[in-house]
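Peer 1: Structure in structure tokens, see below.
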Protein chains: 2
Amino acid sequence: MTESIELRQLRYFAALAEELHFGRAARRLGISQPPLTRQIQQLERALGAPLFERTKHVVQLTVAGRVFLEETRKTLEQVSRSFELAQRAHRGELGQLALGVAPLLEASAYPALEAHIRKNFPHVQVKRHVLPSDQQPPLIRNASLHAGLVRLPLEEHDSLTLEFLFREALVVIMRDDHRLANRRAVRIAELSGQNRIAIRKKFNPAFYRYIRLLCDRGEYRAARVIPVNTLPELLNSVLSADGVAIVPASLKRQFTSRLHYARLLDTNADIQVGLVYRRDNPSQIVHLLQRVIHQMEWPNIA
Amino acid sequence: MTESIELRQLRYFAALAEELHFGRAARRLGISQPPLTRQIQQLERALGAPLFERTKHVVQLTVAGRVFLEETRKTLEQVSRSFELAQRAHRGELGQLALGVAPLLEASAYPALEAHIRKNFPHVQVKRHVLPSDQQPPLIRNASLHAGLVRLPLEEHDSLTLEFLFREALVVIMRDDHRLANRRAVRIAELSGQNRIAIRKKFNPAFYRYIRLLCDRGEYRAARVIPVNTLPELLNSVLSADGVAIVPASLKRQFTSRLHYARLLDTNADIQVGLVYRRDNPSQIVHLLQRVIHQMEWPNIA
DNA sequence: TGTGGTAATACGCCCTAGGTATTAAAGTTC
DNA sequence: GAACTTTAATACCTAGGGCGTATTACCACA
């Protein structure tokens with residue numbers, strides 16, 4: 001039925017329906033008149049209905065022709081749209097971007113990033129997955145995530161690329177009636193003797209080790225290290241006056257009541273944030289992300 | 001850009017996208033595998049993007065391929081729809097039917113006719129044009145109307161076909177305090193001496209002559225014939241007790257207050273209703289109308 | 001009646017879609 | 001790890017059909 005029809009015939013038909021003149025339409029199509037005649041005849045034969053009324057000197061659309069013209073325009077538009085969308089999808093400008101986001105960053109750095117992506121690629125739908133930094137690499141490797149916004153350091157993976165983005169300050173948090181709560185900034189050493197509250201090593205080993213290293217270098221000997229499982233637990237412990245905790249400054253955006261934040265004065269008392277993605281970069285969408293991520297200004301997290 | 005693309009390629013692509021196997025897809029399409037490979041390659045080249053990821057033993061859609069598949073399905077559906085609609089239009093089952101309707105019939109016979117058409121051809125839009133019977137033939141001849149529902153007799157036109165449909169009763173109307181207003185039925189002769197009110201000959205000569213003929217044969221000698229221009233004027237005259245009028249029974253559906261209707265007992269005191277259309281019947285829609293008009297039951301107009 | 005214009009037809013050429021045969025590469029089996 | 005199987009890509013050939021040129025048929029208009 002429709003099997004014998006090709007787009008050529010529809011394109012020819014549309015041109016003729018607009019010109020209503022075989023010679024002009026053929027010229028517009030860049031062919032000579034006889035082939036046009038034949039293609040139209042074939043189309044009419046396949047359709048089982050005449051599309052034009054030809055009296056030697058006047059070519060007119062039949063009723064069926066008018067209907068078919070309307071539908072043919074839709075068909076040709078649909079073909080263009082198909083191309084357009086497929087190409088956009090190929091360039092990564094269409095579809096989903098599954099992005100891992102390290103905890104706390106979802107409220108600080110991430111919103112700016114998402115806004116930036118949305119502005120540059122309005123057809124890309126960003127899907128956010130809040131996951132600890134060290135849990136993201138395996139998911140990126142097996143393509144469950146396109147890329148991840150993570151805290152460094154991270155164990156190196158030869159199949160992944162790790163790109164530095166910006167530095168985030170570290171802060172010490174304590175209850176607002178703590179003896180240091182009148183200070184805007186402290187040196188790590190001043191914390192000596194305090195209990196140090198920290199999320200268990202197993203939940204994010206790299207971060208855990210990094211903080212411990214900082215404390216050692218800053219000569220902060222904790223009375224005791226109190227391990228907790230989750231962030232709410234950590235906050236609870238701080239609010240119970242069990243001790244202090246060193247956390248990324250992003251936290252300030254989410255919790256403030258009855259808490260005091262103090263900057264750390266030590267050099268290098270900060271943490272890097274980077275982007276991880278597959279080295280072989282199979283999806284174009286990551287190329288776009290890469291291109292765009294260096295043009296943006298990161299909000300000042302402090 | 002899209003100019004080099006043909007539907008063949010889209011059909012092949014859709015098949016392959018469903019089978020995800022060149023051999024099977026080719027078999028389904030009734031071709032051998034190499035041509036399929038080549039058409040897909042051409043499509044990808046035109047698109048500037050790969051649609052499939054081929055590892056020797058696994059064929060998978062790319063992101064662009066998934067998007068393009070969705071759009072291609074729409075395209076192919078649109079092509080079928082184009083065919084479907086054009087064919088319907090050709091068979092007359094789609095589009096407008098411009099139908100002339102003689103006055104008064106629009107409230108009696110016409111509603112049933114329209115309902116019947118709507119039921120049989122839901123995609124046909126009937127456009128009603130209320131026009132005196134003798135004004136319809138020229139409009140039908142120049143294709144302003146497809147057909148007309150008219151009262152007979154009508155001057156014969158060799159280019160038109162006139163088809164009898166049903167007989168409609170004639171009635172005499174008078175004011176409800178008229179001396180004959182207690183009668184359900186009268187003979188024409190009993191009206192003798194009354195003024196006869198009639199719409200001017202020039203507005204519908206055939207009808208005018210027909211009524212006069214009836215009166216002559218029925219031995220109704222009117223005291224005076226009172227000519228009026230319009231139907232409302234005629235009713236006015238009747239209500240002013242100027243006389244009586246002989247009209248089609250359809251009128252009863254529209255005006256009753258302070259009027260009395262009496263059947264005419266004379267044989268042949270009725271009038272025929274018919275359908276007029278071009279003998280060369282250029283539009284398929286009239287064929288449908290013709291086919292359907294004899295299957296229907298006309299409402300009893302009395 | 002002839003002249004100009006236009007769509008349809010005739011016919012030849014060539015492009016390209018499709019077929020067969022083969023190759024290359026990846027997976028499977030022993 | 002060698003032989004076998006499977007499957008997509010490539011090479012090459014054939015033929016059908018799309019396009020061009022030339023011509024015809026038909027209508028309008030002078």
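Labels for the structure tokens follow display order: chains A, B, ..., residues from 1 in each chain, ligands from 1.
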With a cut-off of 12 Å and counting only C-alpha atoms (C1' of nucleotides), select all residues of chain B in contact with chain C and give the selection as a PyMOL selection string.
Peer 2: chain B and resi 8-9+26+30-39+54-58
Peer 1: For the selection you just gave me, I'd like the residues written to a file as a PDB file, in the first residue's frame, keeping N, CA and C atoms.
Peer 2:
```
ATOM      1  N   ARG B   8      12.402   4.307   2.281  1.00  0.00           N
ATOM      2  CA  ARG B   8      12.964   2.960   2.347  1.00  0.00           C
ATOM      3  C   ARG B   8      13.931   2.853   3.517  1.00  0.00           C
ATOM      4  N   GLN B   9      14.798   3.856   3.611  1.00  0.00           N
ATOM      5  CA  GLN B   9      15.788   3.823   4.672  1.00  0.00           C
ATOM      6  C   GLN B   9      15.146   3.871   6.052  1.00  0.00           C
ATOM      7  N   ALA B  26      16.800  -8.201   7.754  1.00  0.00           N
ATOM      8  CA  ALA B  26      16.798  -8.303   6.289  1.00  0.00           C
ATOM      9  C   ALA B  26      15.781  -9.333   5.843  1.00  0.00           C
ATOM     10  N   GLY B  30      12.453  -8.913   3.503  1.00  0.00           N
ATOM     11  CA  GLY B  30      12.436  -9.576   2.207  1.00  0.00           C
ATOM     12  C   GLY B  30      13.613  -9.209   1.327  1.00  0.00           C
ATOM     13  N   ILE B  31      14.717  -8.818   1.925  1.00  0.00           N
ATOM     14  CA  ILE B  31      15.935  -8.530   1.159  1.00  0.00           C
ATOM     15  C   ILE B  31      17.083  -9.305   1.802  1.00  0.00           C
ATOM     16  N   SER B  32      18.246  -9.224   1.205  1.00  0.00           N
ATOM     17  CA  SER B  32      19.380  -9.906   1.808  1.00  0.00           C
ATOM     18  C   SER B  32      20.135  -8.932   2.710  1.00  0.00           C
ATOM     19  N   GLN B  33      21.072  -9.461   3.448  1.00  0.00           N
ATOM     20  CA  GLN B  33      21.699  -8.646   4.486  1.00  0.00           C
ATOM     21  C   GLN B  33      22.569  -7.492   3.964  1.00  0.00           C
ATOM     22  N   PRO B  34      23.361  -7.686   2.913  1.00  0.00           N
ATOM     23  CA  PRO B  34      24.239  -6.575   2.506  1.00  0.00           C
ATOM     24  C   PRO B  34      23.511  -5.277   2.143  1.00  0.00           C
ATOM     25  N   PRO B  35      22.415  -5.348   1.371  1.00  0.00           N
ATOM     26  CA  PRO B  35      21.728  -4.081   1.071  1.00  0.00           C
ATOM     27  C   PRO B  35      21.252  -3.375   2.338  1.00  0.00           C
ATOM     28  N   LEU B  36      20.811  -4.140   3.302  1.00  0.00           N
ATOM     29  CA  LEU B  36      20.372  -3.529   4.556  1.00  0.00           C
ATOM     30  C   LEU B  36      21.539  -2.785   5.193  1.00  0.00           C
ATOM     31  N   THR B  37      22.673  -3.454   5.274  1.00  0.00           N
ATOM     32  CA  THR B  37      23.867  -2.812   5.822  1.00  0.00           C
ATOM     33  C   THR B  37      24.139  -1.487   5.120  1.00  0.00           C
ATOM     34  N   ARG B  38      24.057  -1.533   3.774  1.00  0.00           N
ATOM     35  CA  ARG B  38      24.397  -0.313   3.045  1.00  0.00           C
ATOM     36  C   ARG B  38      23.397   0.812   3.276  1.00  0.00           C
ATOM     37  N   GLN B  39      22.109   0.465   3.281  1.00  0.00           N
ATOM     38  CA  GLN B  39      21.110   1.514   3.491  1.00  0.00           C
ATOM     39  C   GLN B  39      21.276   2.157   4.872  1.00  0.00           C
ATOM     40  N   ARG B  54      27.697  -1.440  16.714  1.00  0.00           N
ATOM     41  CA  ARG B  54      27.858  -2.835  16.315  1.00  0.00           C
ATOM     42  C   ARG B  54      29.167  -3.377  16.863  1.00  0.00           C
ATOM     43  N   THR B  55      29.049  -4.290  17.807  1.00  0.00           N
ATOM     44  CA  THR B  55      30.177  -5.139  18.138  1.00  0.00           C
ATOM     45  C   THR B  55      29.779  -6.431  17.463  1.00  0.00           C
ATOM     46  N   LYS B  56      30.727  -7.044  16.819  1.00  0.00           N
ATOM     47  CA  LYS B  56      30.419  -8.125  15.875  1.00  0.00           C
ATOM     48  C   LYS B  56      29.173  -8.942  16.223  1.00  0.00           C
ATOM     49  N   HIS B  57      28.954  -9.179  17.494  1.00  0.00           N
ATOM     50  CA  HIS B  57      27.852 -10.077  17.821  1.00  0.00           C
ATOM     51  C   HIS B  57      26.669  -9.408  18.495  1.00  0.00           C
ATOM     52  N   VAL B  58      26.799  -8.142  18.777  1.00  0.00           N
ATOM     53  CA  VAL B  58      25.677  -7.445  19.403  1.00  0.00           C
ATOM     54  C   VAL B  58      25.414  -6.134  18.666  1.00  0.00           C
TER      55      VAL B  58
END
```
Peer 1: What parts of range 19-183 of chain A does DSSP call helix (DSSP H, G or I)? I'd like the answer as an NGL selection string.
Peer 2: :A and (19 or 22-29 or 33-47 or 63-91 or 105-107 or 109-120 or 133-141)
Peer 1: Give me, as CSV, each residue of chain B that comes within 10 Å of chain A, together with its shortest interatomic pair and the distance in Å at one decimal, counting only C-alpha atoms, with rows ordered by chain and rising residue number.
Peer 2:
```
residue,atom,partner,partner_atom,distance
B:Met1,CA,A:Phe83,CA,8.7
B:Thr2,CA,A:Ser80,CA,6.6
B:Glu3,CA,A:Arg8,CA,8.3
B:Ser4,CA,A:Arg8,CA,8.8
B:Ile5,CA,A:Leu7,CA,7.4
B:Glu6,CA,A:Leu7,CA,5.1
B:Leu7,CA,A:Glu6,CA,5.1
B:Arg8,CA,A:Glu6,CA,6.8
B:Gln9,CA,A:Glu6,CA,9.5
B:Leu10,CA,A:Val79,CA,9.6
B:Arg11,CA,A:Glu3,CA,8.9
B:Ala46,CA,A:Phe83,CA,9.2
B:Leu47,CA,A:Phe83,CA,6.5
B:Gly48,CA,A:Gln87,CA,7.3
B:Ala49,CA,A:His90,CA,6.2
B:Pro50,CA,A:His90,CA,8.0
B:Leu51,CA,A:Ala86,CA,8.7
B:Thr62,CA,A:His90,CA,8.4
B:Val63,CA,A:Ala89,CA,6.4
B:Ala64,CA,A:Ala86,CA,4.8
B:Gly65,CA,A:Ala86,CA,6.9
B:Arg66,CA,A:Ala86,CA,8.3
B:Val67,CA,A:Ala86,CA,5.7
B:Phe68,CA,A:Ala86,CA,5.2
B:Leu69,CA,A:Ser82,CA,8.5
B:Glu70,CA,A:Ser82,CA,8.4
B:Glu71,CA,A:Ser82,CA,5.1
B:Thr72,CA,A:Ser82,CA,6.6
B:Arg73,CA,A:Ser82,CA,9.8
B:Lys74,CA,A:Gln78,CA,7.5
B:Thr75,CA,A:Gln78,CA,5.8
B:Leu76,CA,A:Thr75,CA,8.3
B:Glu77,CA,A:Thr75,CA,9.1
B:Gln78,CA,A:Thr75,CA,5.8
B:Val79,CA,A:Thr75,CA,6.4
B:Ser80,CA,A:Thr2,CA,6.5
B:Arg81,CA,A:Glu71,CA,7.7
B:Ser82,CA,A:Glu71,CA,5.1
B:Phe83,CA,A:Leu47,CA,6.5
B:Glu84,CA,A:Leu47,CA,8.9
B:Leu85,CA,A:Val67,CA,6.9
B:Ala86,CA,A:Ala64,CA,4.8
B:Gln87,CA,A:Ala49,CA,6.6
B:Arg88,CA,A:Ala64,CA,7.8
B:Ala89,CA,A:Ala64,CA,4.8
B:His90,CA,A:Ala64,CA,5.0
B:Arg91,CA,A:Ala64,CA,8.6
B:Gly92,CA,A:Val63,CA,8.7
B:Leu94,CA,A:Ala64,CA,8.8
B:Gly95,CA,A:Val63,CA,8.0
B:Gln96,CA,A:Val63,CA,9.7
B:Ser283,CA,A:Val63,CA,8.6
B:Gln284,CA,A:Val63,CA,9.6
```
Peer 1: Go through D:DA22, D:DC13, D:DA28, D:DA8 and flag the residue nearest chain A, using only C-alpha atoms (C1' of nucleotides) for the distances.
Peer 2: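 Looking only at the distances to chain A, the closest residue turns out to be D:DA28.
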Peer 1: Please identify every residue of chain D that has at least one atom no more than 8 Å from any atom of chain B, counting only C-alpha atoms (C1' of nucleotides), and report them as JSON, numbers by chain.
Peer 2: {"D": [6, 7, 8, 9]}
Peer 1: Could you turn the residues from that selection into a file that holds C-alpha atoms (C1' of nucleotides), as a PDB file, in the first residue's frame?
Peer 2:
```pdb
ATOM      1  C1'  DT D   6      28.148 -16.590  13.797  1.00  0.00           C
ATOM      2  C1'  DT D   7      27.541 -12.227  11.861  1.00  0.00           C
ATOM      3  C1'  DA D   8      28.466  -7.647   9.924  1.00  0.00           C
ATOM      4  C1'  DA D   9      31.133  -5.532   6.273  1.00  0.00           C
TER       5       DA D   9
END
```
Peer 1: Please, what distance in Å, to one decimal, runs between CA of Pro248 in chain B and CA of Lys119 in chain B?
Peer 2: 27.7 Å
Peer 1: Can you pull out the residues contacting Tyr208 in chain B? Cut-off 8 Å, using only C-alpha atoms (C1' of nucleotides), and skip same-chain residues under 4 positions away; I want them as an NGL selection string.
Peer 2: :B and (198-201 or 204 or 212)
Peer 1: One decimal, in Å: what's the spacing between CA of Leu113 in chain B and CA of Leu131 in chain B?
Peer 2: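 Pair CA of Leu113 in chain B / CA of Leu131 in chain B returns 16.6 Å.
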Peer 1: Go ahead and compute the interatomic distance for CA of Ala25 in chain B and C1' of DC4 in chain D, in Å to one decimal.
Peer 2: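 The value is 25.0 Å.
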Peer 1: Neighbouring residues of Asn281 in chain A were defined as those with any atom within 10 Å, considering only C-alpha atoms (C1' of nucleotides); residues of the same chain fewer than 4 positions away were excluded. Please report them as a list in words.
Peer 2: His146, Ala147, Ser159, Leu160, Thr161, Tyr277, Ile285, Val286 and His287 of chain A
Peer 1: Suppose we keep N, CA and C atoms; can you now write the selection as a tab-separated table (two decimals), in the first residue's frame?
Peer 2:
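Result went into part_16.tsv, see below:
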```tsv
chain	number	residue	atom	x	y	z
A	146	HIS	N	26.83	9.21	34.15
A	146	HIS	CA	27.68	9.78	33.12
A	146	HIS	C	28.94	10.40	33.72
A	147	ALA	N	28.78	11.05	34.86
A	147	ALA	CA	29.91	11.73	35.48
A	147	ALA	C	29.57	11.96	36.94
A	159	SER	N	40.84	3.82	34.43
A	159	SER	CA	39.83	3.95	33.38
A	159	SER	C	39.03	5.25	33.50
A	160	LEU	N	39.31	6.00	34.57
A	160	LEU	CA	38.56	7.24	34.77
A	160	LEU	C	39.46	8.46	34.69
A	161	THR	N	38.88	9.56	34.28
A	161	THR	CA	39.58	10.84	34.30
A	161	THR	C	39.05	11.66	35.46
A	277	TYR	N	34.89	11.22	35.15
A	277	TYR	CA	34.14	10.60	34.05
A	277	TYR	C	35.03	9.58	33.38
A	285	ILE	N	27.42	13.54	25.69
A	285	ILE	CA	26.89	14.49	26.66
A	285	ILE	C	27.96	14.90	27.66
A	286	VAL	N	28.91	14.01	27.92
A	286	VAL	CA	29.98	14.36	28.86
A	286	VAL	C	30.93	15.37	28.22
A	287	HIS	N	31.09	15.28	26.91
A	287	HIS	CA	31.89	16.29	26.24
A	287	HIS	C	31.31	17.69	26.45
```
Peer 1: Can you pull out every residue within 12 Å of Ser240 in chain A, counting only C-alpha atoms (C1' of nucleotides), but drop anything in the same chain fewer than 2 positions away, and send it as an mmCIF file with N, CA and C atoms, in the first residue's frame?
Peer 2:
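The resulting file, result_27.cif, is shown below:
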```cif
data_model
loop_
_atom_site.group_PDB
_atom_site.id
_atom_site.type_symbol
_atom_site.label_atom_id
_atom_site.label_comp_id
_atom_site.auth_asym_id
_atom_site.auth_seq_id
_atom_site.Cartn_x
_atom_site.Cartn_y
_atom_site.Cartn_z
ATOM 1 N N MET A 174 30.690 23.464 66.064
ATOM 2 C CA MET A 174 30.564 23.207 67.511
ATOM 3 C C MET A 174 29.227 23.771 67.955
ATOM 4 N N ARG A 175 28.816 23.399 69.189
ATOM 5 C CA ARG A 175 27.566 23.955 69.697
ATOM 6 C C ARG A 175 27.755 25.447 69.941
ATOM 7 N N ASP A 176 26.646 26.248 69.838
ATOM 8 C CA ASP A 176 26.813 27.699 69.863
ATOM 9 C C ASP A 176 27.142 28.233 71.257
ATOM 10 N N ASP A 177 27.188 27.346 72.293
ATOM 11 C CA ASP A 177 27.648 27.822 73.601
ATOM 12 C C ASP A 177 29.036 27.263 73.915
ATOM 13 N N HIS A 178 29.708 26.773 72.884
ATOM 14 C CA HIS A 178 31.055 26.228 73.045
ATOM 15 C C HIS A 178 32.018 27.362 73.392
ATOM 16 N N ASN A 195 36.919 16.285 71.855
ATOM 17 C CA ASN A 195 36.574 15.089 71.098
ATOM 18 C C ASN A 195 36.383 15.478 69.641
ATOM 19 N N ILE A 197 34.416 14.422 66.272
ATOM 20 C CA ILE A 197 33.314 13.600 65.756
ATOM 21 C C ILE A 197 33.519 13.442 64.257
ATOM 22 N N GLU A 233 23.428 12.099 62.527
ATOM 23 C CA GLU A 233 24.046 11.630 63.774
ATOM 24 C C GLU A 233 25.188 12.542 64.194
ATOM 25 N N LEU A 234 25.978 12.936 63.223
ATOM 26 C CA LEU A 234 27.114 13.816 63.498
ATOM 27 C C LEU A 234 26.631 15.127 64.097
ATOM 28 N N LEU A 235 25.589 15.686 63.488
ATOM 29 C CA LEU A 235 25.054 16.951 63.986
ATOM 30 C C LEU A 235 24.513 16.770 65.396
ATOM 31 N N ASN A 236 23.821 15.665 65.596
ATOM 32 C CA ASN A 236 23.308 15.354 66.922
ATOM 33 C C ASN A 236 24.401 15.356 67.973
ATOM 34 N N SER A 237 25.493 14.686 67.618
ATOM 35 C CA SER A 237 26.600 14.606 68.565
ATOM 36 C C SER A 237 27.154 15.981 68.879
ATOM 37 N N VAL A 238 27.293 16.808 67.850
ATOM 38 C CA VAL A 238 27.809 18.159 68.074
ATOM 39 C C VAL A 238 26.863 18.930 68.990
ATOM 40 N N ASP A 242 29.206 16.790 72.543
ATOM 41 C CA ASP A 242 30.164 15.699 72.672
ATOM 42 C C ASP A 242 31.535 16.087 72.137
ATOM 43 N N GLY A 243 31.566 17.122 71.256
ATOM 44 C CA GLY A 243 32.852 17.513 70.687
ATOM 45 C C GLY A 243 32.666 18.388 69.472
ATOM 46 N N VAL A 244 33.692 18.460 68.622
ATOM 47 C CA VAL A 244 33.635 19.276 67.414
ATOM 48 C C VAL A 244 33.812 18.361 66.210
ATOM 49 N N ARG A 258 21.546 26.701 66.353
ATOM 50 C CA ARG A 258 22.296 26.269 67.544
ATOM 51 C C ARG A 258 23.698 25.744 67.209
ATOM 52 N N LEU A 259 24.154 26.051 65.981
ATOM 53 C CA LEU A 259 25.493 25.613 65.595
ATOM 54 C C LEU A 259 26.373 26.834 65.374
#
```
Peer 1: List the spatial neighbours of Phe207 in chain B as a short mmCIF file (atom, residue, chain, number, x, y, z; two decimals) with N, CA and C atoms, in the first residue's frame - criterion: any atom at most 9 Å away, only C-alpha atoms (C1' of nucleotides), same-chain residues fewer than 5 positions off excluded.
Peer 2:
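Heads up, here's the output in selection_31.cif:
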```
data_model
loop_
_atom_site.label_atom_id
_atom_site.label_comp_id
_atom_site.auth_asym_id
_atom_site.auth_seq_id
_atom_site.Cartn_x
_atom_site.Cartn_y
_atom_site.Cartn_z
N SER B 133 -36.28 26.39 -3.75
CA SER B 133 -35.97 25.29 -4.68
C SER B 133 -35.44 25.78 -6.03
N ASP B 134 -36.08 26.82 -6.57
CA ASP B 134 -35.70 27.20 -7.93
C ASP B 134 -34.42 28.03 -7.98
N ARG B 151 -38.27 21.13 -3.60
CA ARG B 151 -39.67 20.76 -3.84
C ARG B 151 -39.89 20.69 -5.33
N LEU B 152 -40.63 19.67 -5.77
CA LEU B 152 -40.98 19.52 -7.18
C LEU B 152 -42.37 20.12 -7.36
N PRO B 153 -42.76 20.52 -8.52
CA PRO B 153 -41.96 20.43 -9.75
C PRO B 153 -40.87 21.48 -9.81
N LEU B 154 -39.93 21.23 -10.71
CA LEU B 154 -38.83 22.17 -10.95
C LEU B 154 -38.59 22.13 -12.44
N LYS B 201 -45.33 35.11 -7.09
CA LYS B 201 -44.92 34.16 -8.12
C LYS B 201 -43.41 34.23 -8.40
N ARG B 212 -51.60 27.03 -7.71
CA ARG B 212 -52.73 27.59 -8.46
C ARG B 212 -53.44 26.48 -9.23
#
```
Peer 1: Output as a PyMOL selection string all residues of range 35-259 of chain B that backbone DSSP marks as strand (DSSP E).
Peer 2: chain B and resi 52-55+58-61+95-101+124-130+147-151+160-175+185-186+196-199+225-228+245-248+259
Peer 1: So which one's closest to Gln135 in chain A, A:Arg179, A:Ala189, A:Gln42, A:Val276? Using only C-alpha atoms, please.
Peer 2: A:Val276
Peer 1: When you look at His157 in chain A with a cut-off of 10 Å (counting only C-alpha atoms (C1' of nucleotides)), what residues show up, excluding the ones that are within fewer than 5 positions of it in the same chain? I need them as a list in words.
Peer 2: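 Near neighbours after the sequence-gap exclusion: Pro137, Pro138, Arg141, Leu162, Val276, Arg278 and Arg279 of chain A.
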Peer 1: Keeping N, CA and C atoms for every residue in the selection just given, could you write it to a file as a PDB file, in the first residue's frame?
Peer 2:
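See again_10.pdb below for the written result:
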```
ATOM      1  N   PRO A 137      32.749   6.156  41.438  1.00  0.00           N
ATOM      2  CA  PRO A 137      33.551   5.578  40.350  1.00  0.00           C
ATOM      3  C   PRO A 137      33.019   4.271  39.768  1.00  0.00           C
ATOM      4  N   PRO A 138      32.643   3.281  40.592  1.00  0.00           N
ATOM      5  CA  PRO A 138      32.150   2.047  39.958  1.00  0.00           C
ATOM      6  C   PRO A 138      30.910   2.289  39.102  1.00  0.00           C
ATOM      7  N   ARG A 141      31.960   3.772  35.897  1.00  0.00           N
ATOM      8  CA  ARG A 141      32.599   2.808  35.014  1.00  0.00           C
ATOM      9  C   ARG A 141      31.581   1.923  34.317  1.00  0.00           C
ATOM     10  N   LEU A 162      39.969  12.322  36.156  1.00  0.00           N
ATOM     11  CA  LEU A 162      39.567  13.116  37.293  1.00  0.00           C
ATOM     12  C   LEU A 162      40.014  14.545  37.024  1.00  0.00           C
ATOM     13  N   VAL A 276      34.568  13.523  37.787  1.00  0.00           N
ATOM     14  CA  VAL A 276      35.073  12.220  37.343  1.00  0.00           C
ATOM     15  C   VAL A 276      34.232  11.748  36.175  1.00  0.00           C
ATOM     16  N   ARG A 278      34.451   8.762  32.541  1.00  0.00           N
ATOM     17  CA  ARG A 278      35.225   7.706  31.899  1.00  0.00           C
ATOM     18  C   ARG A 278      36.246   8.296  30.949  1.00  0.00           C
ATOM     19  N   ARG A 279      37.422   7.718  30.983  1.00  0.00           N
ATOM     20  CA  ARG A 279      38.487   8.205  30.115  1.00  0.00           C
ATOM     21  C   ARG A 279      38.118   8.021  28.644  1.00  0.00           C
TER      22      ARG A 279
END
```
